[in-house]
Amino acid sequence: MTTTFPAKNYDFTTFQTARNLIGGSWRDPASSKQKIDVVNPRFGKAMSTVAMSGADDVDAAVKAGMRAFASWREWPIRERALVLYKLRELMARNIEELSWLISHENGKTFPEAKAEVEKGIECVEYGCSLPNLAAGNQLEVSRGVACEVVYEPLGVVAGVTPFNFPLMVPLWMLPQALVGGNSFILKPSEQVPLSSLRLADLLNEAGLPEGVFNIVQGGREIVEALCDHPGVKALGFVGSTRVAKAVYARCGAQGKRALCLGGAKNHLVVVPDADVELTAENVVASFVGCAGQRCMAASVLIAVGDVDHILAKVRAKAATIIAGKDLGPITSEASMKRIRGYIDDAEKQGAKIVLDGRGASGGGEAVKGGFWVGPTIIDHCTMDMPAVKEEIFGPVLSVVRVDTLEHAIEIENANPYGNASCIYTSSGDVARRVIDRVEAGMCGVNVGVPVPREPFGFGGWNDSLFGHGNITGWDGYRFWTRQRKITSKWAVQKDQTWMS
Ligand code: NAD
């Protein structure tokens, strides 16, 4: 396999077409000739193209995965994990290049992209620990009889990923799936297909046998083919709720194991005793970071009682953030217009725009073009506004004012999503009262983005996750493996009972 990127080439105009990786070789789609642009959202210009594949390419990837699986599954788990040790080292060594690549194709700032790589490395490190965690599940259940559980691979499995974390989200799935002994087919977002090419290079350099990791580029057609192909034994999906729900149902119709993470509408509850500085810093980081294009981003701030002093600080801090310097662009022109539309509508419906990012142009770096929305705060929102009800996925904070904690919890729980929820308070009692009652899988106290770090699993509730369990951590290993229970008896025992 040849490498896809010169190690030090950060010039976004020279990226090659994103093609398929099947059985260790880079290939154009077998029959489809369609290509679409990969657009650098900072400049609004094409930086590459992606080959849109067809169902026949999925079939070729499944066959390649099956061939590789026959020997990969025989590797001792420790040896499979050693490939991840090497991957971890290679990622650390190439962190700058990986970060630039993410920054170019996704638009997030270099420090945000670097944080994404670091989080990806953490996921790989968790994968390295799996041989230790998967050991020791054995018990003498009665005289002379032992039961043990072993985790076995499923075969060829697949992951479908969104645009907002081109490297990290694939690494939510890959370590557990690979150490578990599976072959993997990745279908990256067609908006950001390049980081996964570099990941493939690094996996190859780390010693992963050809065909264990395959990539099929494309869109809906590929996802549906992965759902329908009988050779794909499990599918992990991360993306919007509409698609997550459809993919989960489609896999279910085939009797296929699926875990589908969807969108989010995350609430922050702020009460008057909250620390002003700590709260303002974390709220702003949460709704502005990655231009609000994170499934864990703050979206609705529920102000309980008089918290004007805190809101003033939030506004002041957010106002210092310069689009194009501290803040990256929105992923596409369509998304930019959609986000600005939410702000327009809220204003027409009577909300007050206390910080307006609609005019942002990315001028912090004298950038021309690109898709920009600056930090925006919409105050005095009401529950009927789309900006309060729907996922915006941009750097926009809607503020709803209420008098009681009970009302805040009621508002939060009326929302169908259940990814993240944060409470800002100095009172342990208040924090616990909120956390114990909100419908959210990942909760935070005085933090902005309550992502459970490894080894704690990542996953929301309700319309934010379809399936069972978390996608990372131990649940991830359980998802990508099946348990065989073995009961053994090797000799007739004295004093044996009917259970022996
Ligand atoms: P998306 O749903 O549009 O796309 C996700 C993937 O599905 C892509 O690979 C895409 O090619 C494919 N796809 C798109 N339409 C499809 C269809 N009709 N049928 C089958 N496949 C289809 O999501 P996105 O815009 O790339 O990402 C943003 C969304 O992802 C947001 O809603 C965000 O909240 C969510 N997200 C959730 C999590 C989480 O952990 N819950 C994490 C990251 C992103």
# chains A, B, ... in the order shown; residues from 1 in each chain; ligands from 1
$ residues_near_ligand --ligand "ligand 1" --cutoff "6 Å" --atoms "only C-alpha atoms and all ligand atoms" --output "list in words"
Val160, Thr161, Pro162, Phe163, Asn164, Pro188, Ser189, Glu190, Gly219, Arg220, Val223, Glu224, Val238, Gly239, Ser240, Val243, Leu261, Gly262, Gly263, Ala264, Cys295 and Ser464 of chain A
$ residues_around --residues "A:Arg338" --least-positions-apart "6" --cutoff "10 Å" --atoms "only C-alpha atoms" --output "NGL selection string"
:A and (332 or 344 or 392-394)
$ write_last_selection --atoms "N, CA, C and O atoms" --output "CSV table (one decimal), in the first residue's frame"
chain,number,residue,atom,x,y,z
A,332,SER,N,-20.7,24.1,5.7
A,332,SER,CA,-21.1,24.3,4.3
A,332,SER,C,-22.0,25.5,4.2
A,332,SER,O,-22.5,26.0,5.2
A,344,ASP,N,-32.7,34.5,12.5
A,344,ASP,CA,-33.7,35.4,11.9
A,344,ASP,C,-35.1,35.1,12.5
A,344,ASP,O,-35.9,36.0,12.9
A,392,ILE,N,-29.5,23.1,16.2
A,392,ILE,CA,-29.0,24.1,15.3
A,392,ILE,C,-27.7,23.8,14.7
A,392,ILE,O,-27.4,24.0,13.5
A,393,PHE,N,-26.8,23.2,15.5
A,393,PHE,CA,-25.4,22.8,15.1
A,393,PHE,C,-24.6,24.0,14.6
A,393,PHE,O,-24.1,24.0,13.5
A,394,GLY,N,-24.6,25.0,15.4
A,394,GLY,CA,-23.8,26.2,15.1
A,394,GLY,C,-23.5,26.9,16.4
A,394,GLY,O,-24.1,26.6,17.5
$ closest_atom_pairs --of "stretch 381-470 of chain A" --to "stretch 109-127 of chain A" --cutoff "9 Å" --atoms "only C-alpha atoms" --output "Markdown table"
| residue | atom | partner | partner_atom | distance |
| --- | --- | --- | --- | --- |
| A:Arg453 | CA | A:Glu122 | CA | 8.3 |
| A:Glu454 | CA | A:Tyr126 | CA | 6.7 |
| A:Pro455 | CA | A:Tyr126 | CA | 6.6 |
$ residues_around --residues "A:Ile215" --least-positions-apart "3" --cutoff "7 Å" --atoms "only C-alpha atoms" --output "list in words"
Asn20, Leu21, Ile22, Ile185, Leu186 and Lys187 of chain A
$ write_last_selection --atoms "C-alpha atoms" --output "JSON list (two decimals), in the first residue's frame"
[["chain", "number", "residue", "atom", "x", "y", "z"],
["A", 20, "ASN", "CA", -11.67, 3.38, -1.73],
["A", 21, "LEU", "CA", -9.28, 1.14, 0.18],
["A", 22, "ILE", "CA", -10.17, -2.45, -0.54],
["A", 185, "ILE", "CA", -15.25, -1.15, 6.69],
["A", 186, "LEU", "CA", -15.32, 2.59, 7.26],
["A", 187, "LYS", "CA", -17.74, 4.86, 5.39]]
$ atom_distance --atom1 "atom CA of A:His104" --atom2 "atom CA of A:Thr49"
13.5 Å
$ closest_residue --among "A:Glu148, A:Glu347, A:Glu96, A:Glu89" --to "A:Cys381" --atoms "only C-alpha atoms"
A:Glu347
$ residues_around --residues "A:Ala360" --least-positions-apart "6" --cutoff "8 Å" --atoms "only C-alpha atoms" --output "JSON, numbers by chain"
{"A": [323, 372, 373, 374]}
$ write_last_selection --atoms "N, CA and C atoms" --output "PDB file, in the first residue's frame"
ATOM      1  N   ALA A 323     -14.279  35.294  14.688  1.00  0.00           N
ATOM      2  CA  ALA A 323     -14.423  34.252  13.664  1.00  0.00           C
ATOM      3  C   ALA A 323     -13.242  34.330  12.708  1.00  0.00           C
ATOM      4  N   TRP A 372     -19.435  31.444   7.411  1.00  0.00           N
ATOM      5  CA  TRP A 372     -19.185  31.931   8.764  1.00  0.00           C
ATOM      6  C   TRP A 372     -20.457  32.300   9.523  1.00  0.00           C
ATOM      7  N   VAL A 373     -20.466  31.926  10.776  1.00  0.00           N
ATOM      8  CA  VAL A 373     -21.441  32.471  11.732  1.00  0.00           C
ATOM      9  C   VAL A 373     -20.641  32.725  13.012  1.00  0.00           C
ATOM     10  N   GLY A 374     -20.701  33.920  13.516  1.00  0.00           N
ATOM     11  CA  GLY A 374     -19.983  34.239  14.747  1.00  0.00           C
ATOM     12  C   GLY A 374     -20.811  33.836  15.964  1.00  0.00           C
TER      13      GLY A 374
END
$ decode --residues "stretch 70-107 of chain A" --atoms "N, CA and C atoms" --output "PDB file, in the first residue's frame"
ATOM      1  N   ALA A  70     -10.165 -14.251   8.112  1.00  0.00           N
ATOM      2  CA  ALA A  70      -9.834 -15.659   8.348  1.00  0.00           C
ATOM      3  C   ALA A  70      -8.535 -15.791   9.140  1.00  0.00           C
ATOM      4  N   SER A  71      -7.543 -14.958   8.850  1.00  0.00           N
ATOM      5  CA  SER A  71      -6.300 -15.096   9.634  1.00  0.00           C
ATOM      6  C   SER A  71      -6.235 -14.090  10.796  1.00  0.00           C
ATOM      7  N   TRP A  72      -6.796 -12.898  10.603  1.00  0.00           N
ATOM      8  CA  TRP A  72      -6.761 -11.875  11.680  1.00  0.00           C
ATOM      9  C   TRP A  72      -7.403 -12.396  12.960  1.00  0.00           C
ATOM     10  N   ARG A  73      -8.477 -13.125  12.829  1.00  0.00           N
ATOM     11  CA  ARG A  73      -9.178 -13.634  14.023  1.00  0.00           C
ATOM     12  C   ARG A  73      -8.320 -14.630  14.792  1.00  0.00           C
ATOM     13  N   GLU A  74      -7.331 -15.224  14.102  1.00  0.00           N
ATOM     14  CA  GLU A  74      -6.462 -16.205  14.762  1.00  0.00           C
ATOM     15  C   GLU A  74      -5.323 -15.553  15.535  1.00  0.00           C
ATOM     16  N   TRP A  75      -5.093 -14.263  15.284  1.00  0.00           N
ATOM     17  CA  TRP A  75      -4.026 -13.585  16.039  1.00  0.00           C
ATOM     18  C   TRP A  75      -4.426 -13.540  17.519  1.00  0.00           C
ATOM     19  N   PRO A  76      -3.503 -13.821  18.434  1.00  0.00           N
ATOM     20  CA  PRO A  76      -3.836 -13.639  19.851  1.00  0.00           C
ATOM     21  C   PRO A  76      -4.212 -12.179  20.105  1.00  0.00           C
ATOM     22  N   ILE A  77      -5.118 -11.954  21.017  1.00  0.00           N
ATOM     23  CA  ILE A  77      -5.612 -10.595  21.265  1.00  0.00           C
ATOM     24  C   ILE A  77      -4.461  -9.639  21.587  1.00  0.00           C
ATOM     25  N   ARG A  78      -3.469 -10.148  22.303  1.00  0.00           N
ATOM     26  CA  ARG A  78      -2.343  -9.267  22.667  1.00  0.00           C
ATOM     27  C   ARG A  78      -1.630  -8.773  21.421  1.00  0.00           C
ATOM     28  N   GLU A  79      -1.478  -9.647  20.444  1.00  0.00           N
ATOM     29  CA  GLU A  79      -0.784  -9.235  19.215  1.00  0.00           C
ATOM     30  C   GLU A  79      -1.635  -8.242  18.414  1.00  0.00           C
ATOM     31  N   ARG A  80      -2.942  -8.434  18.463  1.00  0.00           N
ATOM     32  CA  ARG A  80      -3.800  -7.441  17.776  1.00  0.00           C
ATOM     33  C   ARG A  80      -3.672  -6.084  18.460  1.00  0.00           C
ATOM     34  N   ALA A  81      -3.614  -6.111  19.787  1.00  0.00           N
ATOM     35  CA  ALA A  81      -3.483  -4.842  20.526  1.00  0.00           C
ATOM     36  C   ALA A  81      -2.138  -4.177  20.259  1.00  0.00           C
ATOM     37  N   LEU A  82      -1.109  -4.987  19.975  1.00  0.00           N
ATOM     38  CA  LEU A  82       0.211  -4.397  19.700  1.00  0.00           C
ATOM     39  C   LEU A  82       0.189  -3.511  18.449  1.00  0.00           C
ATOM     40  N   VAL A  83      -0.685  -3.844  17.505  1.00  0.00           N
ATOM     41  CA  VAL A  83      -0.835  -2.979  16.322  1.00  0.00           C
ATOM     42  C   VAL A  83      -1.327  -1.599  16.779  1.00  0.00           C
ATOM     43  N   LEU A  84      -2.233  -1.595  17.755  1.00  0.00           N
ATOM     44  CA  LEU A  84      -2.734  -0.303  18.251  1.00  0.00           C
ATOM     45  C   LEU A  84      -1.663   0.471  19.017  1.00  0.00           C
ATOM     46  N   TYR A  85      -0.813  -0.262  19.742  1.00  0.00           N
ATOM     47  CA  TYR A  85       0.304   0.432  20.414  1.00  0.00           C
ATOM     48  C   TYR A  85       1.111   1.198  19.378  1.00  0.00           C
ATOM     49  N   LYS A  86       1.373   0.523  18.256  1.00  0.00           N
ATOM     50  CA  LYS A  86       2.185   1.180  17.216  1.00  0.00           C
ATOM     51  C   LYS A  86       1.397   2.334  16.593  1.00  0.00           C
ATOM     52  N   LEU A  87       0.106   2.131  16.390  1.00  0.00           N
ATOM     53  CA  LEU A  87      -0.719   3.209  15.832  1.00  0.00           C
ATOM     54  C   LEU A  87      -0.671   4.428  16.743  1.00  0.00           C
ATOM     55  N   ARG A  88      -0.746   4.169  18.041  1.00  0.00           N
ATOM     56  CA  ARG A  88      -0.727   5.274  19.010  1.00  0.00           C
ATOM     57  C   ARG A  88       0.563   6.096  18.856  1.00  0.00           C
ATOM     58  N   GLU A  89       1.676   5.389  18.721  1.00  0.00           N
ATOM     59  CA  GLU A  89       2.959   6.080  18.570  1.00  0.00           C
ATOM     60  C   GLU A  89       3.014   6.865  17.266  1.00  0.00           C
ATOM     61  N   LEU A  90       2.486   6.257  16.211  1.00  0.00           N
ATOM     62  CA  LEU A  90       2.520   6.930  14.897  1.00  0.00           C
ATOM     63  C   LEU A  90       1.614   8.157  14.898  1.00  0.00           C
ATOM     64  N   MET A  91       0.470   8.055  15.563  1.00  0.00           N
ATOM     65  CA  MET A  91      -0.423   9.219  15.643  1.00  0.00           C
ATOM     66  C   MET A  91       0.254  10.344  16.416  1.00  0.00           C
ATOM     67  N   ALA A  92       0.912   9.971  17.523  1.00  0.00           N
ATOM     68  CA  ALA A  92       1.582  10.999  18.329  1.00  0.00           C
ATOM     69  C   ALA A  92       2.688  11.659  17.510  1.00  0.00           C
ATOM     70  N   ARG A  93       3.416  10.854  16.738  1.00  0.00           N
ATOM     71  CA  ARG A  93       4.528  11.388  15.938  1.00  0.00           C
ATOM     72  C   ARG A  93       4.008  12.297  14.815  1.00  0.00           C
ATOM     73  N   ASN A  94       2.831  11.976  14.303  1.00  0.00           N
ATOM     74  CA  ASN A  94       2.293  12.728  13.160  1.00  0.00           C
ATOM     75  C   ASN A  94       1.160  13.672  13.565  1.00  0.00           C
ATOM     76  N   ILE A  95       1.152  14.064  14.826  1.00  0.00           N
ATOM     77  CA  ILE A  95      -0.011  14.793  15.334  1.00  0.00           C
ATOM     78  C   ILE A  95      -0.220  16.126  14.606  1.00  0.00           C
ATOM     79  N   GLU A  96       0.875  16.755  14.252  1.00  0.00           N
ATOM     80  CA  GLU A  96       0.732  18.061  13.610  1.00  0.00           C
ATOM     81  C   GLU A  96       0.098  17.909  12.226  1.00  0.00           C
ATOM     82  N   GLU A  97       0.579  16.949  11.474  1.00  0.00           N
ATOM     83  CA  GLU A  97       0.049  16.737  10.133  1.00  0.00           C
ATOM     84  C   GLU A  97      -1.427  16.319  10.185  1.00  0.00           C
ATOM     85  N   LEU A  98      -1.729  15.398  11.119  1.00  0.00           N
ATOM     86  CA  LEU A  98      -3.131  14.965  11.251  1.00  0.00           C
ATOM     87  C   LEU A  98      -4.026  16.147  11.605  1.00  0.00           C
ATOM     88  N   SER A  99      -3.519  17.013  12.469  1.00  0.00           N
ATOM     89  CA  SER A  99      -4.319  18.156  12.918  1.00  0.00           C
ATOM     90  C   SER A  99      -4.569  19.130  11.762  1.00  0.00           C
ATOM     91  N   TRP A 100      -3.544  19.363  10.939  1.00  0.00           N
ATOM     92  CA  TRP A 100      -3.727  20.256   9.796  1.00  0.00           C
ATOM     93  C   TRP A 100      -4.745  19.684   8.821  1.00  0.00           C
ATOM     94  N   LEU A 101      -4.634  18.377   8.639  1.00  0.00           N
ATOM     95  CA  LEU A 101      -5.544  17.727   7.699  1.00  0.00           C
ATOM     96  C   LEU A 101      -7.003  17.897   8.148  1.00  0.00           C
ATOM     97  N   ILE A 102      -7.251  17.644   9.431  1.00  0.00           N
ATOM     98  CA  ILE A 102      -8.603  17.807   9.978  1.00  0.00           C
ATOM     99  C   ILE A 102      -9.040  19.263   9.845  1.00  0.00           C
ATOM    100  N   SER A 103      -8.116  20.159  10.178  1.00  0.00           N
ATOM    101  CA  SER A 103      -8.441  21.580  10.132  1.00  0.00           C
ATOM    102  C   SER A 103      -8.812  22.005   8.708  1.00  0.00           C
ATOM    103  N   HIS A 104      -8.095  21.476   7.716  1.00  0.00           N
ATOM    104  CA  HIS A 104      -8.391  21.827   6.329  1.00  0.00           C
ATOM    105  C   HIS A 104      -9.738  21.289   5.867  1.00  0.00           C
ATOM    106  N   GLU A 105      -9.996  20.018   6.153  1.00  0.00           N
ATOM    107  CA  GLU A 105     -11.220  19.466   5.548  1.00  0.00           C
ATOM    108  C   GLU A 105     -12.476  19.798   6.353  1.00  0.00           C
ATOM    109  N   ASN A 106     -12.305  19.955   7.664  1.00  0.00           N
ATOM    110  CA  ASN A 106     -13.480  20.234   8.492  1.00  0.00           C
ATOM    111  C   ASN A 106     -13.628  21.721   8.784  1.00  0.00           C
ATOM    112  N   GLY A 107     -12.521  22.430   8.846  1.00  0.00           N
ATOM    113  CA  GLY A 107     -12.574  23.868   9.107  1.00  0.00           C
ATOM    114  C   GLY A 107     -12.264  24.244  10.534  1.00  0.00           C
TER     115      GLY A 107
END
